[in-house]
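**Q** To be precise about what I am sending: the file is called data_18.cif and holds mmCIF, C-alpha atoms and all ligand atoms.
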```cif
data_model
#
loop_
_atom_site.label_atom_id
_atom_site.label_comp_id
_atom_site.auth_asym_id
_atom_site.auth_seq_id
_atom_site.Cartn_x
_atom_site.Cartn_y
_atom_site.Cartn_z
CA MET G 1 -148.55 133.79 -116.98
CA ALA G 2 -150.69 134.02 -120.05
CA SER G 3 -154.36 134.88 -119.84
CA ASN G 4 -156.12 134.11 -123.03
CA HIS G 5 -159.86 134.35 -122.58
CA THR G 6 -160.79 133.75 -126.20
CA ASP G 7 -159.28 130.28 -126.17
CA SER G 8 -161.98 127.64 -126.51
CA GLN G 9 -160.30 125.68 -123.70
CA GLY G 10 -161.22 128.30 -121.09
CA PRO G 11 -159.14 130.88 -119.26
CA VAL G 12 -155.73 130.18 -117.73
CA TRP G 13 -155.32 129.49 -114.02
CA GLU G 14 -152.00 129.51 -112.20
CA VAL G 15 -151.41 126.49 -109.97
CA PHE G 16 -149.58 126.43 -106.64
CA THR G 17 -148.83 123.31 -104.63
CA GLN G 18 -147.62 122.71 -101.10
CA LYS G 19 -145.39 119.63 -100.96
CA LYS G 20 -145.97 118.91 -97.27
CA SER G 21 -147.56 120.74 -94.38
CA GLY G 22 -145.59 123.69 -93.11
CA VAL G 23 -143.61 124.50 -96.24
CA PRO G 24 -144.43 127.46 -98.53
CA TYR G 25 -146.70 127.04 -101.55
CA GLN G 26 -144.82 126.94 -104.83
CA HIS G 27 -145.85 127.81 -108.36
CA ALA G 28 -146.25 124.55 -110.30
CA GLY G 29 -147.51 125.77 -113.69
CA SER G 30 -150.88 126.55 -115.22
CA VAL G 31 -154.04 124.90 -116.51
CA HIS G 32 -157.05 125.85 -118.60
CA ALA G 33 -160.47 125.56 -117.00
CA PHE G 34 -163.89 127.16 -117.24
CA ASP G 35 -164.58 127.47 -113.51
CA LYS G 36 -163.03 127.03 -110.07
CA ASP G 37 -163.98 123.39 -109.60
CA MET G 38 -162.70 122.39 -112.99
CA ALA G 39 -159.51 124.35 -112.37
CA LEU G 40 -158.88 122.43 -109.13
CA GLU G 41 -159.58 119.08 -110.75
CA ASN G 42 -157.43 119.79 -113.79
CA ALA G 43 -154.62 121.04 -111.56
CA ARG G 44 -154.86 117.90 -109.42
CA ASP G 45 -154.74 115.61 -112.46
CA LEU G 46 -151.85 117.48 -114.04
CA TYR G 47 -149.60 118.58 -111.18
CA THR G 48 -150.16 116.03 -108.41
CA ARG G 49 -150.02 112.67 -110.18
CA ARG G 50 -147.35 111.44 -107.74
CA ASP G 51 -146.10 112.39 -104.26
CA LYS G 52 -149.44 113.43 -102.79
CA PRO G 53 -149.11 117.09 -101.74
CA SER G 54 -150.77 118.64 -98.69
CA GLY G 55 -152.32 121.62 -100.46
CA LEU G 56 -153.31 123.02 -103.84
CA TRP G 57 -154.27 126.58 -104.90
CA VAL G 58 -155.56 127.79 -108.25
CA VAL G 59 -155.73 131.49 -109.14
CA PRO G 60 -157.16 133.07 -112.31
CA ALA G 61 -154.06 134.20 -114.17
CA ALA G 62 -155.76 137.45 -115.12
CA GLU G 63 -156.13 138.35 -111.42
CA ILE G 64 -152.41 138.22 -110.68
CA VAL G 65 -150.73 141.59 -110.36
CA ALA G 66 -147.06 141.54 -111.28
CA VAL G 67 -144.24 144.05 -111.43
CA ASP G 68 -143.37 145.01 -114.97
CA PRO G 69 -139.88 143.56 -115.56
CA GLY G 70 -138.85 146.82 -117.25
CA GLU G 71 -139.59 148.68 -114.02
CA ALA G 72 -138.31 146.05 -111.65
CA ALA G 73 -134.93 147.67 -111.01
CA PRO G 74 -136.20 151.09 -109.77
CA PHE G 75 -139.18 149.43 -108.07
CA PHE G 76 -136.99 147.23 -105.91
CA ASP G 77 -134.26 149.84 -105.49
CA PRO G 78 -135.05 150.74 -101.84
CA ALA G 79 -134.08 147.20 -100.80
CA ASP G 80 -130.49 147.81 -101.70
CA ASP G 81 -129.38 150.81 -99.64
CA LYS G 82 -130.19 149.70 -96.11
CA VAL G 83 -127.18 147.65 -95.13
CA TYR G 84 -128.14 148.04 -91.47
CA ARG G 85 -130.99 145.56 -92.10
CA HIS G 86 -128.44 142.77 -92.23
CA PRO G 87 -126.97 141.34 -89.03
CA THR G 88 -123.49 141.43 -90.56
CA PHE G 89 -123.66 145.25 -90.44
CA TYR G 90 -123.09 145.18 -86.69
CA GLU G 91 -119.84 144.52 -84.98
CA VAL G 92 -120.08 142.04 -82.12
CA PRO G 93 -117.28 142.55 -79.60
CA ALA G 94 -115.04 139.59 -79.03
CA GLY G 95 -116.17 137.60 -76.01
CA VAL G 96 -119.90 138.31 -76.45
CA GLU G 97 -121.81 135.16 -77.31
CA ASN G 98 -125.32 134.07 -78.25
CA LEU G 99 -126.03 137.38 -80.03
CA MET E 1 -129.17 147.27 -130.49
CA GLU E 2 -128.40 148.16 -126.89
CA LYS E 3 -131.29 145.96 -125.79
CA LEU E 4 -130.02 143.03 -127.85
CA HIS E 5 -126.59 143.47 -126.31
CA ASP E 6 -128.00 143.42 -122.77
CA PHE E 7 -130.16 140.44 -123.68
CA GLN E 8 -127.12 138.45 -124.84
CA ARG E 9 -125.13 139.45 -121.74
CA PHE E 10 -127.99 138.28 -119.55
CA ILE E 11 -128.11 134.94 -121.38
CA ASP E 12 -124.34 134.52 -121.26
CA ALA E 13 -124.54 134.97 -117.49
CA GLU E 14 -126.84 131.88 -117.44
CA GLU E 15 -129.82 133.97 -116.31
CA LYS E 16 -133.31 132.85 -117.38
CA ILE E 17 -135.57 134.88 -119.65
CA GLU E 18 -139.12 135.23 -118.31
CA PRO E 19 -142.26 135.72 -120.46
CA LYS E 20 -142.68 139.47 -119.84
CA ASP E 21 -138.98 140.29 -120.29
CA TRP E 22 -137.82 142.02 -123.45
CA MET E 23 -136.67 139.50 -126.06
CA PRO E 24 -135.86 139.64 -129.79
CA ASP E 25 -138.83 138.62 -131.97
CA GLU E 26 -136.72 135.80 -133.36
CA TYR E 27 -136.06 134.43 -129.87
CA ARG E 28 -139.79 134.44 -129.18
CA ALA E 29 -140.59 132.75 -132.51
CA HIS E 30 -137.82 130.17 -132.06
CA ASN E 31 -139.16 129.21 -128.62
CA ILE E 32 -142.78 129.09 -129.76
CA ARG E 33 -141.81 126.80 -132.62
CA GLN E 34 -139.61 124.51 -130.57
CA ILE E 35 -141.85 124.29 -127.49
CA SER E 36 -145.08 123.79 -129.42
CA GLN E 37 -143.52 121.08 -131.58
CA HIS E 38 -142.20 119.44 -128.45
CA ALA E 39 -145.76 119.58 -126.99
CA HIS E 40 -147.26 118.09 -130.16
CA SER E 41 -144.72 115.25 -130.00
CA GLU E 42 -145.74 114.36 -126.45
CA VAL E 43 -149.41 114.31 -127.43
CA ILE E 44 -149.08 112.48 -130.76
CA GLY E 45 -146.68 110.08 -129.03
CA MET E 46 -149.62 108.75 -127.00
CA GLN E 47 -151.09 107.12 -130.12
CA PRO E 48 -148.57 104.36 -130.93
CA GLU E 49 -148.53 103.27 -127.27
CA GLY E 50 -152.29 103.69 -126.83
CA ASN E 51 -152.61 101.07 -129.55
CA TRP E 52 -151.59 98.41 -127.00
CA ILE E 53 -153.53 99.37 -123.85
CA THR E 54 -156.36 96.95 -124.51
CA ARG E 55 -153.94 94.18 -125.48
CA ALA E 56 -151.34 94.49 -122.72
CA PRO E 57 -150.39 90.94 -121.65
CA THR E 58 -151.08 91.40 -117.90
CA LEU E 59 -153.03 93.76 -115.65
CA ARG E 60 -149.73 94.98 -114.21
CA ALA E 61 -148.42 95.83 -117.68
CA LYS E 62 -151.67 97.56 -118.54
CA LYS E 63 -151.64 99.75 -115.44
CA ILE E 64 -148.04 100.76 -116.05
CA LEU E 65 -148.71 101.58 -119.69
CA LEU E 66 -151.78 103.67 -118.78
CA ALA E 67 -149.79 105.66 -116.20
CA LYS E 68 -146.96 106.19 -118.68
CA ILE E 69 -149.26 107.43 -121.42
CA GLN E 70 -151.06 109.71 -118.97
CA ASP E 71 -147.68 111.24 -118.10
CA GLU E 72 -147.05 111.92 -121.80
CA GLY E 73 -150.36 113.75 -122.08
CA GLY E 74 -149.33 115.76 -119.03
CA HIS E 75 -145.98 116.59 -120.64
CA GLY E 76 -147.84 117.96 -123.64
CA LEU E 77 -149.91 120.17 -121.33
CA TYR E 78 -146.88 121.50 -119.42
CA LEU E 79 -145.31 122.44 -122.73
CA TYR E 80 -148.41 124.04 -124.25
CA SER E 81 -148.62 126.17 -121.10
CA ALA E 82 -144.98 127.21 -121.45
CA ALA E 83 -145.49 128.21 -125.10
CA GLU E 84 -148.67 130.13 -124.22
CA THR E 85 -146.70 132.48 -121.98
CA LEU E 86 -145.11 133.78 -125.20
CA GLY E 87 -148.45 134.98 -126.56
CA ILE E 88 -149.69 132.11 -128.72
CA SER E 89 -152.99 130.44 -127.76
CA ARG E 90 -153.50 126.71 -127.43
CA ASP E 91 -156.07 126.83 -130.22
CA GLU E 92 -153.56 128.45 -132.56
CA MET E 93 -151.00 125.76 -131.80
CA ILE E 94 -153.50 122.99 -132.49
CA ALA E 95 -154.58 124.74 -135.69
CA GLN E 96 -150.92 124.88 -136.80
CA LEU E 97 -150.55 121.17 -136.09
CA HIS E 98 -153.68 120.33 -138.09
CA ALA E 99 -152.57 122.55 -140.97
CA GLY E 100 -149.20 120.77 -141.09
CA LYS E 101 -147.40 124.05 -140.25
CA ALA E 102 -146.14 122.70 -136.93
CA LYS E 103 -144.34 119.36 -136.91
CA TYR E 104 -143.97 116.68 -134.28
CA SER E 105 -141.23 114.11 -133.84
CA SER E 106 -141.01 111.87 -136.91
CA VAL E 107 -140.52 108.79 -134.71
CA PHE E 108 -144.24 108.66 -133.90
CA ASN E 109 -145.08 108.00 -137.53
CA TYR E 110 -143.93 104.39 -137.20
CA PRO E 111 -146.40 101.63 -136.27
CA THR E 112 -146.39 99.50 -133.10
CA LEU E 113 -146.71 95.98 -134.51
CA ASN E 114 -146.15 93.78 -131.47
CA TRP E 115 -145.92 94.00 -127.67
CA ALA E 116 -142.13 94.24 -127.78
CA ASP E 117 -142.57 97.56 -129.60
CA ILE E 118 -143.93 98.98 -126.34
CA GLY E 119 -140.71 97.89 -124.67
CA ALA E 120 -138.59 99.33 -127.47
CA ILE E 121 -140.43 102.66 -127.34
CA GLY E 122 -139.92 103.07 -123.60
CA TRP E 123 -136.29 102.02 -123.80
CA LEU E 124 -135.22 103.75 -127.03
CA VAL E 125 -137.71 106.52 -127.83
CA ASP E 126 -138.06 107.72 -124.24
CA GLY E 127 -134.34 107.14 -123.81
CA ALA E 128 -133.56 109.41 -126.75
CA ALA E 129 -136.16 111.97 -125.64
CA VAL E 130 -134.77 112.12 -122.12
CA THR E 131 -131.22 112.57 -123.41
CA ASN E 132 -132.45 115.69 -125.16
CA GLN E 133 -134.63 116.81 -122.27
CA LEU E 134 -131.92 116.48 -119.63
CA SER E 135 -129.87 118.93 -121.66
CA LEU E 136 -132.88 121.24 -122.13
CA ARG E 137 -133.29 121.67 -118.37
CA ARG E 138 -130.67 124.40 -118.82
CA THR E 139 -132.48 126.13 -121.69
CA SER E 140 -132.59 129.93 -121.35
CA PHE E 141 -136.37 130.41 -121.38
CA GLY E 142 -137.61 130.05 -117.79
CA PRO E 143 -141.01 128.37 -118.33
CA TYR E 144 -139.47 125.87 -120.80
CA SER E 145 -136.66 125.05 -118.42
CA ARG E 146 -139.08 124.51 -115.52
CA ALA E 147 -141.29 122.26 -117.69
CA MET E 148 -138.18 120.22 -118.55
CA LEU E 149 -137.27 119.75 -114.88
CA ARG E 150 -140.74 118.45 -114.13
CA ILE E 151 -140.75 116.21 -117.21
CA CYS E 152 -137.31 114.72 -116.51
CA ASN E 153 -138.40 113.78 -112.99
CA GLU E 154 -141.38 111.92 -114.40
CA GLU E 155 -139.48 110.34 -117.28
CA SER E 156 -137.28 108.30 -115.01
CA PHE E 157 -139.77 105.44 -114.86
CA HIS E 158 -140.65 105.50 -118.58
CA GLN E 159 -137.34 104.20 -119.77
CA ARG E 160 -137.12 101.59 -117.02
CA GLN E 161 -140.56 100.16 -117.72
CA GLY E 162 -139.59 99.83 -121.40
CA TYR E 163 -136.31 98.14 -120.57
CA GLU E 164 -138.12 95.78 -118.21
CA ILE E 165 -140.39 94.65 -121.06
CA MET E 166 -137.36 94.15 -123.33
CA LEU E 167 -135.55 92.19 -120.64
CA LYS E 168 -138.50 89.87 -120.04
CA MET E 169 -138.86 89.15 -123.74
CA ALA E 170 -135.16 88.88 -124.48
CA LYS E 171 -134.79 86.32 -121.67
CA GLY E 172 -138.08 84.59 -122.56
CA THR E 173 -138.89 81.97 -125.18
CA PRO E 174 -137.02 81.98 -128.53
CA GLU E 175 -140.14 83.50 -130.13
CA GLN E 176 -140.23 86.29 -127.54
CA LYS E 177 -136.55 86.99 -128.04
CA GLU E 178 -137.14 87.17 -131.78
CA MET E 179 -139.93 89.70 -131.24
CA ALA E 180 -137.64 91.80 -129.05
CA GLN E 181 -134.90 91.73 -131.69
CA ASP E 182 -137.40 92.63 -134.40
CA ALA E 183 -138.62 95.61 -132.36
CA LEU E 184 -135.04 96.79 -131.81
CA ASN E 185 -134.38 96.43 -135.54
CA ARG E 186 -137.32 98.65 -136.41
CA TRP E 187 -136.93 101.30 -133.66
CA TRP E 188 -133.16 101.80 -133.55
CA TRP E 189 -132.80 104.04 -136.58
CA PRO E 190 -135.96 106.11 -136.05
CA SER E 191 -134.70 106.72 -132.49
CA LEU E 192 -131.36 108.03 -133.78
CA MET E 193 -133.27 110.26 -136.21
CA MET E 194 -135.05 111.90 -133.26
CA PHE E 195 -131.99 114.07 -132.68
CA GLY E 196 -132.45 115.73 -136.07
CA PRO E 197 -130.06 116.50 -138.93
CA HIS E 198 -126.27 116.59 -138.58
CA ASP E 199 -124.92 119.78 -137.01
CA ASN E 200 -123.53 121.05 -140.30
CA GLN E 201 -126.99 120.64 -141.92
CA SER E 202 -128.98 122.38 -139.26
CA ALA E 203 -129.26 126.11 -139.97
CA ARG E 204 -131.39 126.91 -136.94
CA SER E 205 -128.95 125.38 -134.49
CA THR E 206 -126.55 128.34 -134.55
CA LYS E 207 -129.00 130.92 -133.19
CA GLY E 208 -130.49 128.36 -130.85
CA MET E 209 -127.05 127.70 -129.34
CA LEU E 210 -126.10 131.40 -129.19
CA TRP E 211 -129.29 132.15 -127.26
CA LYS E 212 -128.85 128.98 -125.20
CA ILE E 213 -132.27 127.66 -126.19
CA LYS E 214 -130.45 124.50 -127.23
CA ARG E 215 -127.62 123.48 -124.89
CA ALA E 216 -125.97 120.68 -126.87
CA SER E 217 -125.83 119.99 -130.60
CA ASN E 218 -127.84 117.28 -132.38
CA ASP E 219 -124.77 115.13 -133.05
CA GLU E 220 -123.47 115.51 -129.50
CA LEU E 221 -126.79 114.38 -128.02
CA ARG E 222 -127.10 111.52 -130.49
CA GLN E 223 -123.62 110.28 -129.57
CA ARG E 224 -124.47 110.48 -125.86
CA PHE E 225 -127.54 108.32 -126.50
CA ILE E 226 -125.64 105.76 -128.57
CA ASP E 227 -122.86 105.46 -125.99
CA LYS E 228 -125.23 104.71 -123.14
CA THR E 229 -127.62 102.48 -125.12
CA VAL E 230 -125.24 100.03 -126.84
CA PRO E 231 -124.12 98.37 -123.57
CA GLN E 232 -127.78 98.08 -122.54
CA ALA E 233 -128.50 96.18 -125.77
CA GLU E 234 -125.52 93.91 -125.08
CA PHE E 235 -126.91 93.11 -121.65
CA LEU E 236 -130.18 92.08 -123.28
CA GLY E 237 -128.25 89.82 -125.65
CA LEU E 238 -129.73 91.67 -128.62
CA THR E 239 -127.90 93.00 -131.67
CA ILE E 240 -127.97 96.64 -132.72
CA PRO E 241 -128.95 96.58 -136.42
CA ASP E 242 -125.78 98.24 -137.67
CA PRO E 243 -122.95 96.12 -139.14
CA LYS E 244 -120.56 99.07 -138.86
CA LEU E 245 -121.13 99.62 -135.14
CA ARG E 246 -117.82 99.46 -133.27
CA TRP E 247 -116.19 100.83 -130.16
CA ASN E 248 -113.47 103.36 -130.84
CA GLU E 249 -110.87 103.02 -128.10
CA ALA E 250 -109.17 106.30 -129.03
CA THR E 251 -112.26 108.55 -128.92
CA GLY E 252 -114.06 106.62 -126.19
CA HIS E 253 -117.20 106.56 -128.31
CA TYR E 254 -119.10 104.11 -130.49
CA GLU E 255 -118.94 104.58 -134.26
CA THR E 256 -122.01 103.88 -136.38
CA SER E 257 -123.14 103.90 -139.99
CA ASP E 258 -124.78 107.08 -141.16
CA ILE E 259 -128.54 107.52 -140.88
CA ASN E 260 -130.71 106.99 -143.95
CA TRP E 261 -131.51 110.68 -144.40
CA GLU E 262 -133.73 110.00 -147.37
CA GLU E 263 -136.06 108.03 -145.11
CA PHE E 264 -135.87 110.81 -142.48
CA ASN E 265 -136.85 113.46 -145.04
CA GLN E 266 -139.67 111.33 -146.40
CA VAL E 267 -141.18 110.86 -142.94
CA ILE E 268 -140.77 114.57 -142.08
CA GLN E 269 -142.53 115.47 -145.32
CA GLY E 270 -145.52 113.35 -144.37
CA ASN E 271 -144.73 110.12 -146.19
CA GLY E 272 -143.98 107.90 -143.21
CA PRO E 273 -146.03 104.76 -142.59
CA CYS E 274 -148.48 106.40 -140.13
CA ASN E 275 -148.41 110.19 -140.71
CA LYS E 276 -151.92 110.33 -142.08
CA GLU E 277 -153.35 107.99 -139.45
CA ARG E 278 -151.82 110.00 -136.59
CA MET E 279 -153.08 113.33 -137.88
CA ASP E 280 -156.54 112.05 -138.83
CA HIS E 281 -156.94 110.57 -135.37
CA HIS E 282 -155.92 113.81 -133.63
CA LYS E 283 -158.30 115.88 -135.77
CA GLN E 284 -161.15 113.46 -135.20
CA VAL E 285 -160.74 113.35 -131.42
CA HIS E 286 -160.33 117.12 -131.21
CA ALA E 287 -163.53 117.63 -133.22
CA GLU E 288 -165.41 115.05 -131.16
CA GLY E 289 -164.44 116.89 -127.98
CA ALA E 290 -165.72 120.27 -129.18
CA TRP E 291 -169.13 119.84 -127.55
CA VAL E 292 -167.50 119.29 -124.17
CA ARG E 293 -165.64 122.59 -124.40
CA GLU E 294 -168.76 124.38 -125.62
CA ALA E 295 -170.90 122.91 -122.85
CA ALA E 296 -168.33 123.81 -120.20
CA ALA E 297 -168.14 127.38 -121.52
CA ALA E 298 -171.95 127.68 -121.53
CA TYR E 299 -172.19 126.26 -118.00
CA ALA E 300 -169.55 128.69 -116.71
CA ALA E 301 -171.31 131.61 -118.42
CA ARG E 302 -174.65 130.66 -116.87
CA LYS E 303 -173.20 130.35 -113.39
CA GLN E 304 -171.64 133.79 -113.87
CA GLU E 305 -175.05 135.24 -114.85
CA GLN E 306 -176.74 133.71 -111.84
CA LEU E 307 -174.07 135.24 -109.65
CA VAL E 308 -174.80 138.69 -111.11
CA GLU E 309 -178.59 138.30 -110.74
CA VAL E 310 -178.49 137.43 -107.03
FE FE A 1 -142.73 112.72 -122.29
FE FE A 2 -141.83 109.56 -121.65
#
```
Rewrite the structure from the file as structure tokens, please.
**A**
Amino acid sequence: MASNHTDSQGPVWEVFTQKKSGVPYQHAGSVHAFDKDMALENARDLYTRRDKPSGLWVVPAAEIVAVDPGEAAPFFDPADDKVYRHPTFYEVPAGVENL
Amino acid sequence: MEKLHDFQRFIDAEEKIEPKDWMPDEYRAHNIRQISQHAHSEVIGMQPEGNWITRAPTLRAKKILLAKIQDEGGHGLYLYSAAETLGISRDEMIAQLHAGKAKYSSVFNYPTLNWADIGAIGWLVDGAAVTNQLSLRRTSFGPYSRAMLRICNEESFHQRQGYEIMLKMAKGTPEQKEMAQDALNRWWWPSLMMFGPHDNQSARSTKGMLWKIKRASNDELRQRFIDKTVPQAEFLGLTIPDPKLRWNEATGHYETSDINWEEFNQVIQGNGPCNKERMDHHKQVHAEGAWVREAAAAYAARKQEQLVEV
């Protein structure tokens, strides 16, 4: 996700597409554009040339807040120590079904 | 040192490196060079094919060629974006191309003399490119790998449309068949050169393989391409322009003559038949488009001002 505002081709926008209705949006790549409308048009021309998608988002790359990879491990640490969040933590007695 | 060790372990585990991750400067530089040159090749590659848009023999052929060339422009853009994540701007990359500091594939410095050349390019040049790109889907730099996945999906029609043209001409009138053979004669060797120097001549390969930027060696990829292309030429009833070409039962591979490396070096150094034309054209079009970028920037700035005033 680069954001280079001095580039004469305009700032970078990140592009997300939805392949069909109901499925999550996915990052497709990025484009350069000077404003929102141009960003949408450039993204359409570049990332949806085939297999018409059901949705398209563009986001100024500079507006995206991301976790610093160097701090990712401690940042995500709390996810690791709560085994009781997983259904496999619990013992289901033999004979009990649909649980 | 510790960081470098962790970096290598990460790569050896087939994990992908992302733009903000720590990486050795040399890894960054290697990727910027390779990805930007790959992008330039896609973009410059539009010129030899663009030469035939207005002269395509049918409307169907013209529409296909337009769509194919538009894809190539798109491939260039995917790749510029991937390189930009490493901290180089698109303007810098274009400046490097214009200054001759960044190269593009030498194959695009050959002329397209007749319609069969469009067939030969799709079949052989795209065929060679996709052999390389299929392998690069597993490259270690995340944005490059994702660009390769997208490109390989789109490439699947490029080679087929080229082969279709070759097939029509090879099975057409004697004159058409002669044109197809002539195109094969001229594009075969430049296509083999696309894979670069022999492994033992390529100093950069070692680091590229260690860091899994490259996933197969030049000679390996070239052999893969030869092995799948020779039977396709046989089906067309055309002759590969290499008297030494023969099937080796023991190795299960085709054997060929060696490439004319003197020609390869000449073209790389700028002395191919179309180097100057290709570069002049790119510079001219880029300069002619400057007012569009300036106007778009001015328009965006004015809209921003109006927004603030309200
Ligand atoms: Fe391409
Ligand atoms: Fe292609």
**Q** Pull the closest atom pair for each residue of chain E that gets at most 9 Å from ligand FE 1 (chain A), along with the distance in Å to one decimal, counting all atoms listed in the file, ordering rows by chain and then ascending residue number, as a Markdown table.
**A**
```
| residue | atom | partner | partner_atom | distance |
| --- | --- | --- | --- | --- |
| E:Ala39 | CA | A:FE1 | FE | 8.9 |
| E:Ser41 | CA | A:FE1 | FE | 8.4 |
| E:Glu42 | CA | A:FE1 | FE | 5.4 |
| E:Val43 | CA | A:FE1 | FE | 8.6 |
| E:Gly45 | CA | A:FE1 | FE | 8.2 |
| E:Lys68 | CA | A:FE1 | FE | 8.6 |
| E:Ile69 | CA | A:FE1 | FE | 8.4 |
| E:Asp71 | CA | A:FE1 | FE | 6.7 |
| E:Glu72 | CA | A:FE1 | FE | 4.4 |
| E:Gly73 | CA | A:FE1 | FE | 7.7 |
| E:Gly74 | CA | A:FE1 | FE | 8.0 |
| E:His75 | CA | A:FE1 | FE | 5.3 |
| E:Gly76 | CA | A:FE1 | FE | 7.4 |
| E:Asp126 | CA | A:FE1 | FE | 7.1 |
| E:Ala129 | CA | A:FE1 | FE | 7.4 |
| E:Val130 | CA | A:FE1 | FE | 8.0 |
| E:Ile151 | CA | A:FE1 | FE | 6.5 |
| E:Cys152 | CA | A:FE1 | FE | 8.2 |
| E:Glu154 | CA | A:FE1 | FE | 8.0 |
| E:Glu155 | CA | A:FE1 | FE | 6.4 |
| E:His158 | CA | A:FE1 | FE | 8.4 |
```
**Q** Kindly indicate which residue among E:Lys283, E:Arg302, E:Arg293, E:Lys244 lies nearest to chain G, using only C-alpha atoms for the distances.
**A**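 Among E:Lys283, E:Arg302, E:Arg293, E:Lys244, it is E:Arg293 that comes nearest to chain G.
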**Q** Write out as JSON lines the residues of chain E that have any atom within 10 Å of an atom of chain G, one row each with the nearest atom pair and its distance in Å to one decimal, counting all atoms listed in the file, sorted by chain and then rising number.
**A**
```
{"residue": "E:Glu18", "atom": "CA", "partner": "G:Pro69", "partner_atom": "CA", "distance": 8.8}
{"residue": "E:Pro19", "atom": "CA", "partner": "G:Met1", "partner_atom": "CA", "distance": 7.4}
{"residue": "E:Lys20", "atom": "CA", "partner": "G:Pro69", "partner_atom": "CA", "distance": 6.5}
{"residue": "E:Asp21", "atom": "CA", "partner": "G:Pro69", "partner_atom": "CA", "distance": 5.8}
{"residue": "E:Trp22", "atom": "CA", "partner": "G:Gly70", "partner_atom": "CA", "distance": 7.9}
{"residue": "E:Ala67", "atom": "CA", "partner": "G:Arg49", "partner_atom": "CA", "distance": 9.2}
{"residue": "E:Gln70", "atom": "CA", "partner": "G:Leu46", "partner_atom": "CA", "distance": 9.2}
{"residue": "E:Asp71", "atom": "CA", "partner": "G:Arg49", "partner_atom": "CA", "distance": 8.4}
{"residue": "E:Gly73", "atom": "CA", "partner": "G:Leu46", "partner_atom": "CA", "distance": 9.0}
{"residue": "E:Gly74", "atom": "CA", "partner": "G:Leu46", "partner_atom": "CA", "distance": 5.8}
{"residue": "E:His75", "atom": "CA", "partner": "G:Leu46", "partner_atom": "CA", "distance": 8.9}
{"residue": "E:Leu77", "atom": "CA", "partner": "G:Val31", "partner_atom": "CA", "distance": 7.9}
{"residue": "E:Tyr78", "atom": "CA", "partner": "G:Gly29", "partner_atom": "CA", "distance": 7.2}
{"residue": "E:Leu79", "atom": "CA", "partner": "G:Gly29", "partner_atom": "CA", "distance": 9.9}
{"residue": "E:Tyr80", "atom": "CA", "partner": "G:Val31", "partner_atom": "CA", "distance": 9.6}
{"residue": "E:Ser81", "atom": "CA", "partner": "G:Ser30", "partner_atom": "CA", "distance": 6.3}
{"residue": "E:Ala82", "atom": "CA", "partner": "G:Gly29", "partner_atom": "CA", "distance": 8.3}
{"residue": "E:Ala83", "atom": "CA", "partner": "G:Ala2", "partner_atom": "CA", "distance": 9.3}
{"residue": "E:Glu84", "atom": "CA", "partner": "G:Ala2", "partner_atom": "CA", "distance": 6.0}
{"residue": "E:Thr85", "atom": "CA", "partner": "G:Ala2", "partner_atom": "CA", "distance": 4.7}
{"residue": "E:Leu86", "atom": "CA", "partner": "G:Ala2", "partner_atom": "CA", "distance": 7.6}
{"residue": "E:Gly87", "atom": "CA", "partner": "G:Ala2", "partner_atom": "CA", "distance": 7.0}
{"residue": "E:Ile88", "atom": "CA", "partner": "G:Asn4", "partner_atom": "CA", "distance": 8.8}
{"residue": "E:Ser89", "atom": "CA", "partner": "G:Asp7", "partner_atom": "CA", "distance": 6.5}
{"residue": "E:Arg90", "atom": "CA", "partner": "G:Asp7", "partner_atom": "CA", "distance": 6.9}
{"residue": "E:Asp91", "atom": "CA", "partner": "G:Asp7", "partner_atom": "CA", "distance": 6.2}
{"residue": "E:Glu92", "atom": "CA", "partner": "G:Asp7", "partner_atom": "CA", "distance": 8.8}
{"residue": "E:Pro143", "atom": "CA", "partner": "G:Gly29", "partner_atom": "CA", "distance": 8.4}
{"residue": "E:Arg146", "atom": "CA", "partner": "G:Gly29", "partner_atom": "CA", "distance": 8.7}
{"residue": "E:Ala147", "atom": "CA", "partner": "G:Gly29", "partner_atom": "CA", "distance": 8.2}
{"residue": "E:Arg150", "atom": "CA", "partner": "G:Ala28", "partner_atom": "CA", "distance": 9.1}
{"residue": "E:Glu154", "atom": "CA", "partner": "G:Arg50", "partner_atom": "CA", "distance": 9.0}
{"residue": "E:Ala290", "atom": "CA", "partner": "G:Ser8", "partner_atom": "CA", "distance": 8.7}
{"residue": "E:Val292", "atom": "CA", "partner": "G:Gln9", "partner_atom": "CA", "distance": 9.6}
{"residue": "E:Arg293", "atom": "CA", "partner": "G:Gln9", "partner_atom": "CA", "distance": 6.2}
{"residue": "E:Glu294", "atom": "CA", "partner": "G:Ser8", "partner_atom": "CA", "distance": 7.6}
{"residue": "E:Ala295", "atom": "CA", "partner": "G:Phe34", "partner_atom": "CA", "distance": 9.9}
{"residue": "E:Ala296", "atom": "CA", "partner": "G:Phe34", "partner_atom": "CA", "distance": 6.3}
{"residue": "E:Ala297", "atom": "CA", "partner": "G:Phe34", "partner_atom": "CA", "distance": 6.0}
{"residue": "E:Ala298", "atom": "CA", "partner": "G:Phe34", "partner_atom": "CA", "distance": 9.1}
{"residue": "E:Tyr299", "atom": "CA", "partner": "G:Phe34", "partner_atom": "CA", "distance": 8.4}
{"residue": "E:Ala300", "atom": "CA", "partner": "G:Phe34", "partner_atom": "CA", "distance": 5.9}
{"residue": "E:Ala301", "atom": "CA", "partner": "G:Phe34", "partner_atom": "CA", "distance": 8.7}
{"residue": "E:Lys303", "atom": "CA", "partner": "G:Asp35", "partner_atom": "CA", "distance": 9.1}
{"residue": "E:Gln304", "atom": "CA", "partner": "G:Asp35", "partner_atom": "CA", "distance": 9.5}
```
